[in-house]
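Participant: Structure supplied as upload18.cif; contents: mmCIF, C-alpha atoms.
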```
data_data
#
loop_
_atom_site.label_atom_id
_atom_site.label_comp_id
_atom_site.auth_asym_id
_atom_site.auth_seq_id
_atom_site.Cartn_x
_atom_site.Cartn_y
_atom_site.Cartn_z
CA MET Y 348 18.57 -56.11 -65.90
CA LYS Y 349 14.89 -55.50 -65.64
CA ASP Y 350 14.19 -53.41 -62.59
CA GLY Y 351 14.52 -49.66 -62.64
CA LYS Y 352 16.03 -47.15 -60.27
CA ASN Y 353 17.73 -49.38 -57.74
CA THR Y 354 19.55 -51.40 -60.40
CA VAL Y 355 20.89 -48.25 -62.02
CA LYS Y 356 22.01 -47.00 -58.61
CA VAL Y 357 23.85 -50.24 -57.82
CA ASN Y 358 25.55 -50.24 -61.23
CA ASN Y 359 26.61 -46.62 -60.83
CA ASN Y 360 28.15 -47.55 -57.51
CA GLN Y 361 29.89 -50.68 -58.80
CA ASN Y 362 33.39 -49.20 -58.50
CA GLU Y 363 32.76 -47.97 -54.97
CA LEU Y 364 31.30 -51.34 -53.96
CA THR Y 365 34.25 -53.17 -55.50
CA PHE Y 366 36.65 -50.92 -53.61
CA PHE Y 367 34.73 -51.41 -50.37
CA GLY Y 368 34.67 -55.16 -50.94
CA LYS Y 369 38.35 -55.36 -51.78
CA ILE Y 370 39.42 -53.61 -48.58
CA THR Y 371 36.97 -55.63 -46.46
CA ALA Y 372 38.12 -58.92 -48.03
CA SER Y 373 41.74 -58.00 -47.38
CA MET Y 374 40.95 -57.24 -43.74
CA THR Y 375 39.13 -60.56 -43.32
CA HIS Y 376 42.39 -62.27 -44.35
CA GLU Y 377 44.21 -60.30 -41.67
CA ILE Y 378 41.60 -61.22 -39.05
CA LYS Y 379 41.96 -64.87 -40.07
CA ASN Y 380 45.71 -64.61 -39.55
CA VAL Y 381 45.07 -63.20 -36.07
CA LEU Y 382 42.63 -66.04 -35.33
CA ALA Y 383 45.14 -68.58 -36.61
CA ILE Y 384 47.81 -67.26 -34.21
CA ILE Y 385 45.36 -67.30 -31.27
CA GLN Y 386 44.31 -70.82 -32.24
CA GLU Y 387 47.87 -72.14 -32.41
CA SER Y 388 48.84 -70.35 -29.19
CA SER Y 389 45.89 -71.77 -27.24
CA GLY Y 390 46.55 -75.16 -28.85
CA LEU Y 391 50.16 -74.97 -27.68
CA LEU Y 392 49.02 -74.22 -24.12
CA GLU Y 393 46.72 -77.24 -24.30
CA ASP Y 394 49.62 -79.39 -25.57
CA ILE Y 395 51.75 -78.23 -22.63
CA LEU Y 396 48.96 -78.89 -20.12
CA VAL Y 397 48.58 -82.51 -21.20
CA MET Y 398 52.31 -83.19 -20.85
CA PRO Y 399 53.32 -85.47 -17.92
CA GLU Y 400 55.28 -82.53 -16.40
CA SER Y 401 52.00 -80.63 -15.99
CA GLU Y 402 50.34 -83.48 -14.08
CA ASN Y 403 50.52 -81.70 -10.71
CA PHE Y 404 49.57 -78.24 -11.92
CA THR Y 405 46.80 -77.10 -9.56
CA HIS Y 406 44.68 -75.20 -12.07
CA LYS Y 407 45.09 -77.65 -14.94
CA ASP Y 408 41.35 -78.42 -15.36
CA ARG Y 409 40.36 -74.76 -15.18
CA PHE Y 410 42.98 -73.90 -17.80
CA ILE Y 411 41.80 -76.69 -20.09
CA SER Y 412 38.13 -75.68 -19.82
CA THR Y 413 39.04 -72.01 -20.42
CA LEU Y 414 41.12 -72.97 -23.45
CA GLY Y 415 38.10 -74.92 -24.71
CA ARG Y 416 36.02 -71.73 -24.55
CA ILE Y 417 38.75 -69.85 -26.41
CA GLN Y 418 38.74 -72.53 -29.13
CA THR Y 419 34.93 -72.29 -29.43
CA GLN Y 420 35.14 -68.53 -29.88
CA ILE Y 421 37.96 -68.89 -32.41
CA GLN Y 422 35.74 -71.19 -34.45
CA ARG Y 423 32.91 -68.65 -34.16
CA GLY Y 424 35.29 -65.95 -35.37
CA ILE Y 425 36.41 -68.12 -38.29
CA ASP Y 426 32.81 -68.74 -39.38
CA ILE Y 427 31.92 -65.04 -39.18
CA THR Y 428 35.11 -63.99 -40.98
CA SER Y 429 34.64 -66.58 -43.74
CA ASN Y 430 31.11 -65.38 -44.37
CA LEU Y 431 32.20 -61.75 -44.27
CA ASN Y 432 34.92 -62.58 -46.79
CA GLY Y 433 32.34 -64.12 -49.13
CA PHE Y 434 30.14 -61.06 -48.67
CA ALA Y 435 33.05 -58.74 -49.44
CA HIS Y 436 33.60 -60.56 -52.73
CA SER Y 437 29.93 -60.05 -53.73
CA PRO Y 438 30.62 -56.97 -55.88
CA ASP Y 439 33.38 -58.74 -57.86
CA ASN Y 440 30.96 -59.41 -60.75
CA ALA Y 441 28.03 -57.16 -61.67
CA ILE Y 442 26.01 -60.23 -62.68
CA ALA Y 443 26.77 -63.70 -61.44
CA GLN Y 444 25.33 -67.22 -61.35
CA ILE Y 445 24.31 -67.58 -57.73
CA ASN Y 446 23.20 -70.65 -55.84
CA LEU Y 447 20.45 -69.28 -53.62
CA ASN Y 448 21.09 -72.04 -51.07
CA ASP Y 449 24.65 -70.81 -50.49
CA LEU Y 450 23.64 -67.16 -50.49
CA ILE Y 451 20.92 -67.70 -47.89
CA GLN Y 452 23.24 -69.76 -45.72
CA HIS Y 453 25.86 -66.99 -45.74
CA LEU Y 454 23.30 -64.25 -45.25
CA SER Y 455 21.65 -66.02 -42.32
CA ILE Y 456 24.99 -65.99 -40.48
CA LEU Y 457 25.72 -62.38 -41.40
CA THR Y 458 22.29 -61.21 -40.23
CA SER Y 459 22.01 -63.41 -37.15
CA ARG Y 460 22.86 -60.51 -34.87
CA PHE Y 461 19.87 -58.51 -36.16
CA ALA Y 462 17.69 -61.51 -35.27
CA ARG Y 463 19.30 -62.05 -31.89
CA LEU Y 464 18.67 -58.42 -30.89
CA LYS Y 465 14.95 -59.09 -31.47
CA ARG Y 466 15.18 -62.45 -29.63
CA VAL Y 467 14.43 -64.20 -32.89
CA GLU Y 468 16.11 -67.42 -33.93
CA LEU Y 469 17.01 -67.51 -37.60
CA VAL Y 470 17.30 -70.92 -39.22
CA THR Y 471 17.59 -72.20 -42.77
CA GLU Y 472 16.20 -75.27 -44.48
CA LEU Y 473 18.04 -75.44 -47.77
CA SER Y 474 17.06 -77.28 -50.89
CA ASP Y 475 18.88 -80.53 -51.75
CA SER Y 476 19.47 -79.36 -55.32
CA PRO Y 477 21.16 -76.09 -56.37
CA LEU Y 478 18.80 -73.15 -56.90
CA ILE Y 479 20.59 -71.06 -59.49
CA VAL Y 480 19.65 -67.48 -60.24
CA GLN Y 481 21.44 -65.00 -62.44
CA ALA Y 482 21.57 -61.72 -60.58
CA ASN Y 483 23.58 -58.94 -59.07
CA SER Y 484 24.72 -60.55 -55.85
CA VAL Y 485 24.85 -57.33 -53.80
CA GLN Y 486 21.37 -56.36 -54.95
CA LEU Y 487 19.91 -59.81 -54.27
CA GLN Y 488 21.40 -59.92 -50.77
CA MET Y 489 20.11 -56.42 -50.10
CA TYR Y 490 16.58 -57.46 -51.13
CA LEU Y 491 16.70 -60.63 -49.03
CA PHE Y 492 17.93 -58.64 -46.07
CA THR Y 493 15.18 -56.07 -46.60
CA ALA Y 494 12.54 -58.81 -46.52
CA PHE Y 495 13.99 -60.12 -43.31
CA GLU Y 496 14.27 -56.60 -41.86
CA ILE Y 497 10.63 -55.80 -42.66
CA LEU Y 498 9.57 -58.95 -40.85
CA LEU Y 499 11.82 -58.16 -37.86
CA GLN Y 500 10.22 -54.72 -37.53
CA HIS Y 501 6.94 -56.45 -36.62
CA ILE Y 502 8.09 -59.29 -34.38
CA ASP Y 503 10.11 -59.66 -31.18
CA SER Y 504 10.49 -63.39 -30.49
CA GLY Y 505 10.08 -66.79 -32.11
CA THR Y 506 11.76 -68.56 -34.99
CA VAL Y 507 12.13 -67.46 -38.59
CA LYS Y 508 12.92 -70.15 -41.12
CA LEU Y 509 14.29 -69.32 -44.55
CA ILE Y 510 13.27 -72.10 -46.93
CA PRO Y 511 14.08 -71.71 -50.64
CA VAL Y 512 12.38 -74.20 -52.97
CA LYS Y 513 12.01 -74.62 -56.71
CA HIS Y 514 8.41 -74.34 -57.87
CA GLU Y 515 7.77 -74.69 -61.62
CA ASP Y 516 9.73 -71.87 -63.34
CA GLN Y 517 10.12 -69.87 -60.17
CA ILE Y 518 12.01 -70.07 -56.93
CA LEU Y 519 9.91 -69.60 -53.83
CA LEU Y 520 11.55 -68.31 -50.72
CA HIS Y 521 9.40 -69.26 -47.77
CA LEU Y 522 9.81 -66.82 -44.93
CA HIS Y 523 8.23 -68.92 -42.23
CA TYR Y 524 7.60 -67.28 -38.86
CA ASP Y 525 6.17 -69.63 -36.28
CA LEU Y 526 4.26 -66.94 -34.31
CA LEU Y 527 2.88 -64.99 -37.26
CA THR Y 528 -0.55 -63.51 -36.53
CA ASP Y 529 -3.16 -62.58 -39.13
CA ASP Y 530 -2.67 -58.91 -38.22
CA GLN Y 531 1.09 -59.10 -38.76
CA PHE Y 532 0.60 -60.95 -42.04
CA ASN Y 533 -1.87 -58.34 -43.30
CA ILE Y 534 0.21 -55.34 -42.23
CA ILE Y 535 3.38 -56.69 -43.81
CA SER Y 536 1.96 -58.15 -47.00
CA THR Y 537 -0.15 -55.08 -47.84
CA SER Y 538 2.62 -52.55 -47.11
CA ASP Y 539 4.07 -50.59 -50.04
CA GLN Y 540 7.58 -51.54 -48.95
CA TRP Y 541 6.73 -55.25 -49.17
CA LYS Y 542 4.96 -54.90 -52.52
CA VAL Y 543 7.89 -53.01 -54.07
CA LEU Y 544 10.31 -55.58 -52.72
CA GLN Y 545 8.19 -58.47 -53.96
CA SER Y 546 8.11 -57.02 -57.46
CA LYS Y 547 11.91 -56.60 -57.50
CA MET Y 548 12.35 -60.17 -56.31
CA VAL Y 549 9.94 -61.50 -58.94
CA ASN Y 550 12.08 -59.78 -61.58
CA MET Y 551 14.95 -61.91 -60.33
CA GLY Y 552 12.83 -65.06 -60.59
CA ILE Y 553 12.19 -65.35 -56.86
CA ARG Y 554 8.92 -64.93 -54.96
CA ILE Y 555 8.85 -64.46 -51.21
CA VAL Y 556 6.11 -66.35 -49.41
CA LEU Y 557 5.38 -65.11 -45.92
CA SER Y 558 3.63 -67.67 -43.77
CA ASP Y 559 3.27 -69.26 -40.36
CA ASP Y 560 3.14 -72.68 -41.95
CA VAL Y 561 5.23 -73.82 -44.88
CA LEU Y 562 2.55 -76.23 -46.01
CA HIS Y 563 0.03 -73.45 -46.80
CA MET K 266 61.90 -94.94 -43.37
CA GLU K 267 63.82 -91.65 -43.02
CA GLU K 268 63.01 -89.11 -40.31
CA LEU K 269 60.33 -86.58 -41.13
CA ASN K 270 61.75 -83.09 -41.63
CA VAL K 271 59.09 -80.46 -42.05
CA LEU K 272 59.53 -76.93 -43.35
CA LEU K 273 56.86 -74.35 -42.48
CA VAL K 274 56.75 -71.27 -44.70
CA ASP K 275 54.53 -68.34 -43.74
CA ASP K 276 55.16 -64.61 -43.39
CA GLU K 277 53.19 -64.54 -40.10
CA GLN K 278 56.07 -65.13 -37.69
CA GLU K 279 53.95 -65.77 -34.57
CA PHE K 280 51.86 -68.31 -36.46
CA VAL K 281 54.73 -70.22 -37.95
CA THR K 282 56.88 -70.36 -34.79
CA THR K 283 53.96 -71.46 -32.59
CA LEU K 284 52.93 -74.13 -35.07
CA ALA K 285 56.56 -75.31 -35.24
CA GLU K 286 56.62 -75.68 -31.44
CA ARG K 287 53.43 -77.77 -31.54
CA LEU K 288 54.88 -80.08 -34.19
CA GLU K 289 58.15 -80.40 -32.25
CA ILE K 290 56.14 -81.54 -29.22
CA ARG K 291 54.91 -84.29 -31.55
CA ASN K 292 58.50 -85.32 -32.29
CA MET K 293 58.86 -83.76 -35.72
CA ASN K 294 61.97 -81.92 -36.93
CA VAL K 295 60.76 -78.52 -37.99
CA SER K 296 62.37 -75.60 -39.80
CA VAL K 297 60.66 -72.30 -40.43
CA ALA K 298 60.95 -69.61 -43.09
CA MET K 299 59.14 -66.31 -43.30
CA ASP K 300 59.56 -65.83 -47.06
CA GLY K 301 60.02 -67.78 -50.26
CA GLU K 302 63.70 -66.99 -50.78
CA THR K 303 64.65 -68.24 -47.30
CA ALA K 304 62.50 -71.33 -47.85
CA LEU K 305 64.35 -72.19 -51.07
CA GLY K 306 67.66 -71.83 -49.23
CA ILE K 307 66.46 -74.29 -46.56
CA VAL K 308 65.29 -76.71 -49.26
CA GLU K 309 68.85 -76.74 -50.66
CA THR K 310 70.61 -77.16 -47.30
CA GLU K 311 68.26 -79.14 -45.04
CA SER K 312 66.33 -81.32 -47.51
CA PRO K 313 62.87 -81.18 -45.91
CA LYS K 314 60.54 -84.02 -46.88
CA VAL K 315 57.26 -82.15 -46.50
CA ILE K 316 56.69 -78.41 -46.75
CA VAL K 317 53.70 -76.43 -45.53
CA LEU K 318 53.65 -73.38 -47.75
CA ASP K 319 51.50 -70.25 -47.45
CA VAL K 320 50.14 -69.11 -50.82
CA MET K 321 50.07 -65.36 -50.18
CA MET K 322 53.42 -63.97 -49.13
CA PRO K 323 55.35 -60.82 -49.93
CA GLY K 324 58.02 -61.30 -52.62
CA LEU K 325 57.84 -64.77 -54.15
CA ASN K 326 54.31 -66.08 -53.68
CA GLY K 327 53.59 -69.64 -52.63
CA LEU K 328 52.85 -70.91 -56.14
CA ASP K 329 56.17 -69.52 -57.46
CA VAL K 330 58.01 -71.12 -54.55
CA LEU K 331 56.20 -74.42 -55.20
CA GLU K 332 57.40 -74.47 -58.81
CA ARG K 333 61.00 -73.85 -57.74
CA ILE K 334 60.86 -76.49 -54.99
CA LYS K 335 59.62 -79.07 -57.49
CA ALA K 336 62.44 -78.09 -59.86
CA ILE K 337 64.99 -78.67 -57.05
CA ASP K 338 63.50 -81.97 -55.84
CA PRO K 339 60.20 -83.28 -57.24
CA LYS K 340 59.96 -85.82 -54.40
CA ILE K 341 59.38 -83.10 -51.79
CA GLN K 342 55.68 -82.99 -50.89
CA VAL K 343 54.12 -79.54 -50.57
CA ILE K 344 50.94 -78.76 -48.65
CA LEU K 345 49.63 -75.33 -49.61
CA LEU K 346 48.09 -73.10 -47.00
CA SER K 347 45.68 -70.29 -47.72
CA GLY K 348 43.86 -67.76 -45.57
CA HIS K 349 40.67 -67.85 -47.59
CA GLY K 350 38.14 -70.41 -48.74
CA SER K 351 38.65 -70.05 -52.47
CA THR K 352 39.69 -73.30 -54.13
CA LYS K 353 41.22 -71.43 -57.11
CA ASP K 354 44.73 -71.33 -55.63
CA GLY K 355 44.38 -74.93 -54.48
CA ILE K 356 43.54 -76.18 -57.98
CA LYS K 357 46.41 -74.13 -59.46
CA GLY K 358 48.74 -75.54 -56.82
CA LEU K 359 47.65 -79.14 -57.40
CA LYS K 360 48.33 -78.66 -61.13
CA LEU K 361 51.82 -77.43 -60.23
CA GLY K 362 52.44 -80.57 -58.17
CA ALA K 363 51.26 -79.67 -54.66
CA PHE K 364 50.35 -82.67 -52.55
CA ASP K 365 47.38 -81.04 -50.81
CA PHE K 366 45.73 -77.79 -49.82
CA LEU K 367 44.59 -76.53 -46.39
CA ILE K 368 42.65 -73.45 -45.33
CA LYS K 369 43.96 -71.36 -42.44
CA PRO K 370 43.34 -71.54 -39.48
CA ILE K 371 44.18 -75.22 -39.58
CA ASP K 372 43.26 -78.12 -37.35
CA ILE K 373 46.47 -79.59 -35.90
CA ASP K 374 45.20 -83.18 -36.13
CA GLU K 375 44.28 -82.71 -39.79
CA LEU K 376 47.69 -81.17 -40.47
CA ILE K 377 49.47 -84.10 -38.83
CA ILE K 378 47.48 -86.57 -40.95
CA LYS K 379 48.44 -84.63 -44.09
CA LEU K 380 52.09 -84.40 -43.03
CA ASN K 381 52.25 -88.15 -42.48
CA GLU K 382 50.53 -88.82 -45.82
CA GLY K 383 53.01 -86.49 -47.50
CA TRP K 384 55.91 -88.20 -45.80
CA LYS K 385 54.64 -91.62 -46.88
CA LYS K 386 54.36 -90.39 -50.45
CA TYR K 387 57.89 -88.97 -50.26
CA CYS K 388 59.26 -92.32 -49.04
CA GLU K 389 57.38 -94.23 -51.75
CA SER K 390 58.84 -92.01 -54.45
CA GLN K 391 62.43 -92.74 -53.35
#
```
In structure tokens, write the structure found in this file.
Facilitator:
Amino acid sequence: MKDGKNTVKVNNNQNELTFFGKITASMTHEIKNVLAIIQESSGLLEDILVMPESENFTHKDRFISTLGRIQTQIQRGIDITSNLNGFAHSPDNAIAQINLNDLIQHLSILTSRFARLKRVELVTELSDSPLIVQANSVQLQMYLFTAFEILLQHIDSGTVKLIPVKHEDQILLHLHYDLLTDDQFNIISTSDQWKVLQSKMVNMGIRIVLSDDVLH
Amino acid sequence: MEELNVLLVDDEQEFVTTLAERLEIRNMNVSVAMDGETALGIVETESPKVIVLDVMMPGLNGLDVLERIKAIDPKIQVILLSGHGSTKDGIKGLKLGAFDFLIKPIDIDELIIKLNEGWKKYCESQ
């Protein structure tokens, strides 16, 4: 591994991360079991409500629409839990072959709350072909999150698109913000934090391209 | 065609009993077991045609139970159930003779399709 202090720090903490991941992964299984019971219970209520015997039940429609909302939230919980489970398994291998498309998809769900709190919509446009990098998954996710966090510090609305593409020997990750001003671009791209991050990403074979237009 | 007897095996009691009730509403004969040993006993006495079997259980795990079920009656079709998205257990299970693999929480309509497919396969192997 090429980059200095942070890599060493992550490797020194590998056991702690693995422990943390193991417990979190185990708990995501438990949460999924809870969601499965809620899902089956609300499904059973729905089954009962559509029985002929329930035909004259006064609040039938209200119950069915409420059960629909419960089902929607169960699905939301399943998506979050599945992504959290994947995240918890990140420290399983110090170095892994990672498809950046999958990683960005998972990370966009896991970080959506950070975006929502800044009234920012986070969307992904993934590449049709796999974008494989060999890296420490925890470290890579931390760097991607840092890039996103730096951008969020300077914006408070709009849409951020994460668009990974293969370009010659490198992978470009377009961080496309639709309302990006020249001032914001200059402040972010000339900051030490951004430069350090960019150099770490380049060592992993990925370059972040901040823009307000993916065609530039 | 014989009647479809289903056995649900999962250590989450609330899950397995509620799912059983939903399948009974759909006119299926359902037995439940909360562990592998009980499931094997039901296989011997009630001859289920299709079994929905959780992979991760205390005591005998789902893959061990699958092997023993197949040794008792290879015609019985087993649908494995897992709480996580990893396909590793599914591939292992398919190699051991499982009919299919589902991730929990499950969609009832998808489960019913799988149960009917398993039943059809059971009847064809008679």
Participant: So that I can see what lies close to Lys407 in chain Y, please list as a PyMOL selection string the residues with an atom at most 12 Å from it, counting only C-alpha atoms and leaving out residues fewer than 3 positions away in the same chain.
Facilitator: chain Y and resi 392-404+410-414
Participant: I'd like the neighbourhood of range 500-511 of chain Y as a VMD selection string, where a residue qualifies if any of its atoms comes within 10 Å (using only C-alpha atoms), though same-chain residues fewer than 4 positions away should be ignored.
Facilitator: chain Y and resid 447 to 448 451 to 452 455 462 to 474 478 495 to 496 518 to 528 531 to 532 534 to 535 553 to 559 561
Participant: Just need the residues of chain K within 12 Å of chain Y, counting only C-alpha atoms, so spit them out as a PyMOL selection string.
Facilitator: chain K and resi 275-291+319+321+346-351+368-374
Participant: How many Å separate CA of Ser484 in chain Y from CA of Asn446 in chain Y?
Facilitator: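 It comes out at 10.2 Å.
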Participant: Got a sec: who's within 9 Å of range 437-442 of chain Y, counting all atoms listed in the file, leaving out chain neighbours fewer than 2 positions off, as a list in words?
Facilitator: Val357, Asn358, Gln361, Asn362, Leu364, Thr365, Phe366, Phe367, Gly368, Lys369, Asn432, Gly433, Phe434, Ala435, Gln444, Gln481, Ala482, Asn483, Ser484 and Val485 of chain Y
Participant: What gap, in Å, lies between CA of Val271 in chain K and CA of Gln342 in chain K?
Facilitator: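 Value for the CA of Val271 in chain K-CA of Gln342 in chain K distance: 9.8 Å.
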Participant: With C-alpha atoms as the atom set, please write range 294-376 of chain K from the structure just given, as a CSV table (one decimal), in the first residue's frame.
Facilitator:
```
chain,number,residue,atom,x,y,z
K,294,ASN,CA,-50.9,-27.8,5.2
K,295,VAL,CA,-48.1,-26.3,7.3
K,296,SER,CA,-46.0,-27.7,10.1
K,297,VAL,CA,-43.4,-25.6,11.9
K,298,ALA,CA,-40.1,-26.4,13.7
K,299,MET,CA,-37.9,-24.1,15.6
K,300,ASP,CA,-34.7,-26.2,15.3
K,301,GLY,CA,-33.1,-28.8,13.1
K,302,GLU,CA,-33.7,-31.8,15.4
K,303,THR,CA,-37.4,-31.2,15.6
K,304,ALA,CA,-37.5,-30.6,11.8
K,305,LEU,CA,-35.9,-34.0,11.2
K,306,GLY,CA,-38.5,-35.7,13.5
K,307,ILE,CA,-41.3,-34.1,11.5
K,308,VAL,CA,-39.7,-35.2,8.2
K,309,GLU,CA,-39.9,-38.8,9.5
K,310,THR,CA,-43.5,-38.6,10.8
K,311,GLU,CA,-45.3,-36.2,8.6
K,312,SER,CA,-43.5,-36.5,5.2
K,313,PRO,CA,-43.5,-32.9,4.1
K,314,LYS,CA,-43.1,-32.3,0.4
K,315,VAL,CA,-41.4,-28.9,0.5
K,316,ILE,CA,-39.4,-27.5,3.4
K,317,VAL,CA,-38.4,-23.9,4.0
K,318,LEU,CA,-35.2,-24.1,6.0
K,319,ASP,CA,-33.4,-21.3,7.7
K,320,VAL,CA,-29.6,-21.5,7.3
K,321,MET,CA,-28.5,-20.1,10.6
K,322,MET,CA,-30.0,-21.8,13.6
K,323,PRO,CA,-28.7,-22.8,17.0
K,324,GLY,CA,-27.6,-26.5,17.2
K,325,LEU,CA,-27.8,-28.2,13.8
K,326,ASN,CA,-27.5,-25.5,11.1
K,327,GLY,CA,-29.6,-25.4,8.0
K,328,LEU,CA,-27.0,-27.0,5.7
K,329,ASP,CA,-26.5,-29.9,8.1
K,330,VAL,CA,-30.3,-30.4,8.3
K,331,LEU,CA,-30.5,-30.3,4.5
K,332,GLU,CA,-28.0,-33.1,4.2
K,333,ARG,CA,-29.9,-35.3,6.6
K,334,ILE,CA,-33.3,-34.5,5.0
K,335,LYS,CA,-31.9,-35.6,1.6
K,336,ALA,CA,-30.5,-38.8,3.2
K,337,ILE,CA,-34.0,-39.6,4.6
K,338,ASP,CA,-35.9,-38.7,1.3
K,339,PRO,CA,-34.1,-37.2,-1.6
K,340,LYS,CA,-37.4,-36.3,-3.2
K,341,ILE,CA,-38.2,-33.6,-0.6
K,342,GLN,CA,-37.6,-30.2,-2.0
K,343,VAL,CA,-35.8,-27.7,0.3
K,344,ILE,CA,-35.8,-24.0,-0.1
K,345,LEU,CA,-33.1,-22.4,2.0
K,346,LEU,CA,-33.7,-19.1,3.8
K,347,SER,CA,-31.0,-16.7,4.9
K,348,GLY,CA,-31.0,-13.4,6.7
K,349,HIS,CA,-28.2,-11.9,4.7
K,350,GLY,CA,-27.5,-11.2,1.1
K,351,SER,CA,-24.4,-13.4,0.7
K,352,THR,CA,-24.8,-16.1,-2.0
K,353,LYS,CA,-22.1,-18.3,-0.4
K,354,ASP,CA,-24.6,-20.3,1.7
K,355,GLY,CA,-27.0,-20.5,-1.3
K,356,ILE,CA,-24.3,-22.0,-3.5
K,357,LYS,CA,-23.3,-24.5,-0.8
K,358,GLY,CA,-26.9,-25.4,-0.3
K,359,LEU,CA,-27.6,-25.9,-4.0
K,360,LYS,CA,-24.6,-28.2,-4.2
K,361,LEU,CA,-26.0,-30.2,-1.3
K,362,GLY,CA,-29.3,-30.6,-3.2
K,363,ALA,CA,-31.4,-27.6,-2.1
K,364,PHE,CA,-34.1,-26.6,-4.6
K,365,ASP,CA,-33.7,-22.9,-4.2
K,366,PHE,CA,-32.6,-20.1,-2.0
K,367,LEU,CA,-34.4,-17.0,-0.6
K,368,ILE,CA,-33.3,-14.0,1.4
K,369,LYS,CA,-35.2,-12.9,4.5
K,370,PRO,CA,-37.5,-11.0,4.7
K,371,ILE,CA,-39.3,-12.8,2.0
K,372,ASP,CA,-42.1,-11.8,-0.4
K,373,ILE,CA,-45.1,-14.1,0.2
K,374,ASP,CA,-46.0,-14.2,-3.5
K,375,GLU,CA,-42.4,-15.2,-4.4
K,376,LEU,CA,-42.4,-17.8,-1.7
```
